[in-house]
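Remarks on the structure that follows.
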Amino acid sequence: MIYEIKADRLSIKVSSKGAELQSMKRQDGTELLWQGDAKYWDGQSPLLFPFPGKSWDNKLRIDGAEYTMPKHGFASNMEFEMTQQEGNSITFRLTDTKETYEMYPYHFVLEVTYTIVGSSLNVSWKVTNRNTGMMYFMIGAHPAFNLPDFRAKDKIHGYICTMDAPDMQSNVVLPDGYCHDEVETVVLEDGLLPITNTTFDCDTILDQTGRFREVILTGKHKEPLVRVNFHMPVLAIWAPNGGNAPFVCIEPWHGICDRFNDPRELKDRNHIISLTAGDTWSHTYTITAI
C-alpha cells in the first residue's frame, strides 16, 4: 500500500513494502526521487538491512552456522506495518518472522519513520533487540535522485559536491559485488565530482573513512538539487551504466559489503552494530530539497 504525506514545502509517498520512499516532491511539483525503470534500475530508495552490499558467497556466518542472505538484505522485500501517521510524520514497523529467522537468526523490531520538517525529510531508523543475547546487524540507505534534463550524449550529467574532504578513498568493488582491500583515490576539484558516462566504471565509489557528513547533488549546470546529511562511517555513491543514467544514488551506510574470499563471522565485520538484549539502537539521516 502507498501512503502519502503533504506539507507546505514537500510531499512524499512511501510504500508499505520495504517501507520504501517512492516519491519526494518540492512544492512546485518537481520530483526529486528516481521513479524506477528496469532499463537502468527499478529501485528507488530501498532500506538495506541487516546487511548492505553483498555477503561472501551470499552467506551470513553467525555462531558457526551459515545463513543465506540476499544482496542488501531482506528488508526491502518485506511487508511493513504502518503503525502511526500523524501530521507530517509516518512510521512503519517490521518484526521478525519465520522467513526472516531462517536468513537471520535474531528476533528484532525494525522501525522506519519519515518526518517532513520544512524543506527537509528526516529518515529515522530504530532497531530493537528482542533476544536474550547480543544481536549484530548493519544498515544502510540507498536513495536515488533524478538528474534533470538527462541526455546520454552529454559529457557531464551533474556533480557530487562535498567540502568534507579533498578526495574520496574508495575501496575497489569487484564485478561480483565484493569489496577489495585495494583503495583508489578519487580526487575532488573544489569539492566537486563530475558525473560522467565513466565516473562509475568502478561500479561504486565506496569510502569507509568516516570523513563525510554532507553530500550535495547538483545538476549539469551546478544548480543544487538535494543535500544529504548523515553520521555514518561509509559513503557509497553509485549509478548504473558507468554513470550514463538519469539518476545517481547517494548511500550512507552503517556497514559495508564483504571483502573477497573473507568468510568472517558477522560479529567480526567492519562497522558492525552490536546491540545488547532488550536495547534499542536509533539513527537519523536527512534529505533536504535545495
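Starting from 1 in every chain, residues are counted up; chains themselves are A, B, ... following the order of the C-alpha cells, and ligands are numbered from 1 as listed.
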
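By only C-alpha atoms, and with residues fewer than 4 positions from Glu265 in chain A along its chain excluded, the set lying at most 7 Å from it is Arg61, Ile62 and Arg269 of chain A.
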
Output N, CA, C and O atoms for every residue in that selection, as an mmCIF file, in the first residue's frame.
data_model
loop_
_atom_site.group_PDB
_atom_site.id
_atom_site.type_symbol
_atom_site.label_atom_id
_atom_site.label_comp_id
_atom_site.auth_asym_id
_atom_site.auth_seq_id
_atom_site.Cartn_x
_atom_site.Cartn_y
_atom_site.Cartn_z
ATOM 1 N N ARG A 61 27.528 -15.634 8.436
ATOM 2 C CA ARG A 61 28.079 -16.638 9.341
ATOM 3 C C ARG A 61 27.899 -16.156 10.771
ATOM 4 O O ARG A 61 28.492 -15.149 11.170
ATOM 5 N N ILE A 62 27.056 -16.872 11.499
ATOM 6 C CA ILE A 62 26.679 -16.464 12.848
ATOM 7 C C ILE A 62 26.788 -17.669 13.770
ATOM 8 O O ILE A 62 26.148 -18.702 13.528
ATOM 9 N N ARG A 269 32.722 -8.265 11.477
ATOM 10 C CA ARG A 269 32.780 -7.423 10.295
ATOM 11 C C ARG A 269 33.083 -5.973 10.657
ATOM 12 O O ARG A 269 32.771 -5.511 11.762
#

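Near range 206-211 of chain A, within a cut-off of 6 Å and counting only C-alpha atoms, sit the residues Gln169, Ser170, Asn171, Thr204, Pro233, Val234, Leu235 and Ala236 of chain A, with same-chain residues fewer than 2 positions away left out.
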
Kindly save the residues from that selection, with N, CA, C and O atoms included, as a short mmCIF file (atom, residue, chain, number, x, y, z; two decimals), in the first residue's frame.
data_model
loop_
_atom_site.label_atom_id
_atom_site.label_comp_id
_atom_site.auth_asym_id
_atom_site.auth_seq_id
_atom_site.Cartn_x
_atom_site.Cartn_y
_atom_site.Cartn_z
N GLN A 169 38.51 8.09 -0.67
CA GLN A 169 39.36 6.91 -0.66
C GLN A 169 38.46 5.70 -0.88
O GLN A 169 37.87 5.17 0.06
N SER A 170 38.32 5.30 -2.12
CA SER A 170 37.33 4.29 -2.49
C SER A 170 37.94 2.90 -2.54
O SER A 170 38.88 2.65 -3.29
N ASN A 171 37.38 2.01 -1.73
CA ASN A 171 37.76 0.60 -1.86
C ASN A 171 37.27 0.07 -3.20
O ASN A 171 36.14 0.34 -3.61
N THR A 204 31.09 1.23 -7.98
CA THR A 204 30.64 2.04 -6.85
C THR A 204 31.83 2.77 -6.24
O THR A 204 32.90 2.18 -6.07
N PRO A 233 29.66 5.70 8.99
CA PRO A 233 31.07 5.53 8.65
C PRO A 233 31.36 5.29 7.18
O PRO A 233 32.51 5.40 6.76
N VAL A 234 30.34 4.94 6.39
CA VAL A 234 30.57 4.57 5.00
C VAL A 234 29.69 5.42 4.08
O VAL A 234 28.50 5.62 4.37
N LEU A 235 30.29 5.90 3.01
CA LEU A 235 29.54 6.59 1.96
C LEU A 235 29.72 5.83 0.65
O LEU A 235 30.85 5.65 0.18
N ALA A 236 28.61 5.39 0.08
CA ALA A 236 28.62 4.75 -1.23
C ALA A 236 27.90 5.67 -2.21
O ALA A 236 26.86 6.24 -1.89
#

(message) Using only C-alpha atoms, can you tell me which of A:Thr196, A:Asn131, A:Thr218, A:Thr115 comes closest to Ala277 in chain A?
(response)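 Among A:Thr196, A:Asn131, A:Thr218, A:Thr115, it is A:Asn131 that comes nearest to Ala277 in chain A.
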
Identify, on the basis of only C-alpha atoms, every residue whose closest approach to Thr97 in chain A does not exceed 12 Å; exclude the query and any residue fewer than 3 positions from it along the same chain; express the result as an mmCIF file with N, CA, C and O atoms, in the first residue's frame.
data_model
loop_
_atom_site.group_PDB
_atom_site.id
_atom_site.type_symbol
_atom_site.label_atom_id
_atom_site.label_comp_id
_atom_site.auth_asym_id
_atom_site.auth_seq_id
_atom_site.Cartn_x
_atom_site.Cartn_y
_atom_site.Cartn_z
ATOM 1 N N PHE A 74 17.168 -8.408 3.443
ATOM 2 C CA PHE A 74 15.803 -8.812 3.100
ATOM 3 C C PHE A 74 14.745 -7.747 3.345
ATOM 4 O O PHE A 74 13.609 -7.873 2.894
ATOM 5 N N ALA A 75 15.063 -6.678 4.065
ATOM 6 C CA ALA A 75 14.032 -5.729 4.494
ATOM 7 C C ALA A 75 13.282 -5.111 3.325
ATOM 8 O O ALA A 75 12.071 -4.872 3.408
ATOM 9 N N MET A 78 10.206 -7.065 2.277
ATOM 10 C CA MET A 78 9.244 -7.447 3.297
ATOM 11 C C MET A 78 8.121 -6.418 3.407
ATOM 12 O O MET A 78 8.321 -5.228 3.154
ATOM 13 N N GLU A 79 6.964 -6.890 3.806
ATOM 14 C CA GLU A 79 5.822 -6.002 4.027
ATOM 15 C C GLU A 79 5.881 -5.453 5.451
ATOM 16 O O GLU A 79 5.904 -6.213 6.418
ATOM 17 N N PHE A 80 5.930 -4.136 5.556
ATOM 18 C CA PHE A 80 5.951 -3.464 6.847
ATOM 19 C C PHE A 80 4.524 -3.084 7.257
ATOM 20 O O PHE A 80 3.653 -2.896 6.405
ATOM 21 N N LEU A 94 8.650 -3.482 11.063
ATOM 22 C CA LEU A 94 8.865 -4.864 10.648
ATOM 23 C C LEU A 94 9.329 -5.659 11.848
ATOM 24 O O LEU A 94 10.307 -5.282 12.503
ATOM 25 N N THR A 100 12.240 -14.529 8.010
ATOM 26 C CA THR A 100 13.460 -13.762 8.295
ATOM 27 C C THR A 100 14.392 -14.549 9.205
ATOM 28 O O THR A 100 15.614 -14.465 9.074
ATOM 29 N N TYR A 101 13.822 -15.329 10.132
ATOM 30 C CA TYR A 101 14.638 -16.078 11.091
ATOM 31 C C TYR A 101 15.488 -17.136 10.392
ATOM 32 O O TYR A 101 16.583 -17.470 10.859
ATOM 33 N N GLU A 102 15.001 -17.645 9.266
ATOM 34 C CA GLU A 102 15.772 -18.637 8.517
ATOM 35 C C GLU A 102 16.977 -18.003 7.829
ATOM 36 O O GLU A 102 17.955 -18.679 7.516
ATOM 37 N N MET A 103 16.927 -16.691 7.590
ATOM 38 C CA MET A 103 18.043 -15.978 6.968
ATOM 39 C C MET A 103 18.922 -15.281 7.992
ATOM 40 O O MET A 103 20.120 -15.067 7.757
ATOM 41 N N TYR A 104 18.299 -14.939 9.122
ATOM 42 C CA TYR A 104 18.946 -14.077 10.100
ATOM 43 C C TYR A 104 18.391 -14.463 11.474
ATOM 44 O O TYR A 104 17.281 -14.067 11.830
ATOM 45 N N PRO A 105 19.127 -15.268 12.240
ATOM 46 C CA PRO A 105 18.567 -15.925 13.426
ATOM 47 C C PRO A 105 18.463 -15.019 14.659
ATOM 48 O O PRO A 105 19.007 -15.330 15.718
ATOM 49 N N TYR A 106 17.768 -13.906 14.473
ATOM 50 C CA TYR A 106 17.553 -12.984 15.579
ATOM 51 C C TYR A 106 16.093 -12.532 15.592
ATOM 52 O O TYR A 106 15.444 -12.425 14.547
ATOM 53 N N HIS A 107 15.605 -12.257 16.805
ATOM 54 C CA HIS A 107 14.292 -11.654 16.967
ATOM 55 C C HIS A 107 14.494 -10.144 17.104
ATOM 56 O O HIS A 107 15.289 -9.694 17.944
ATOM 57 N N PHE A 108 13.786 -9.374 16.303
ATOM 58 C CA PHE A 108 14.036 -7.938 16.252
ATOM 59 C C PHE A 108 12.751 -7.178 15.912
ATOM 60 O O PHE A 108 11.764 -7.749 15.429
ATOM 61 N N VAL A 109 12.788 -5.890 16.159
ATOM 62 C CA VAL A 109 11.792 -4.950 15.632
ATOM 63 C C VAL A 109 12.563 -3.854 14.918
ATOM 64 O O VAL A 109 13.485 -3.257 15.487
ATOM 65 N N LEU A 110 12.199 -3.615 13.673
ATOM 66 C CA LEU A 110 12.802 -2.560 12.862
ATOM 67 C C LEU A 110 11.726 -1.529 12.547
ATOM 68 O O LEU A 110 10.692 -1.868 11.960
#

(request) Counting only C-alpha atoms, figure out which residue out of A:Ala289, A:Val117, A:Cys179, A:Leu60 gets nearest to Asp268 in chain A. (result)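 Smallest separation from Asp268 in chain A among the options: A:Leu60.
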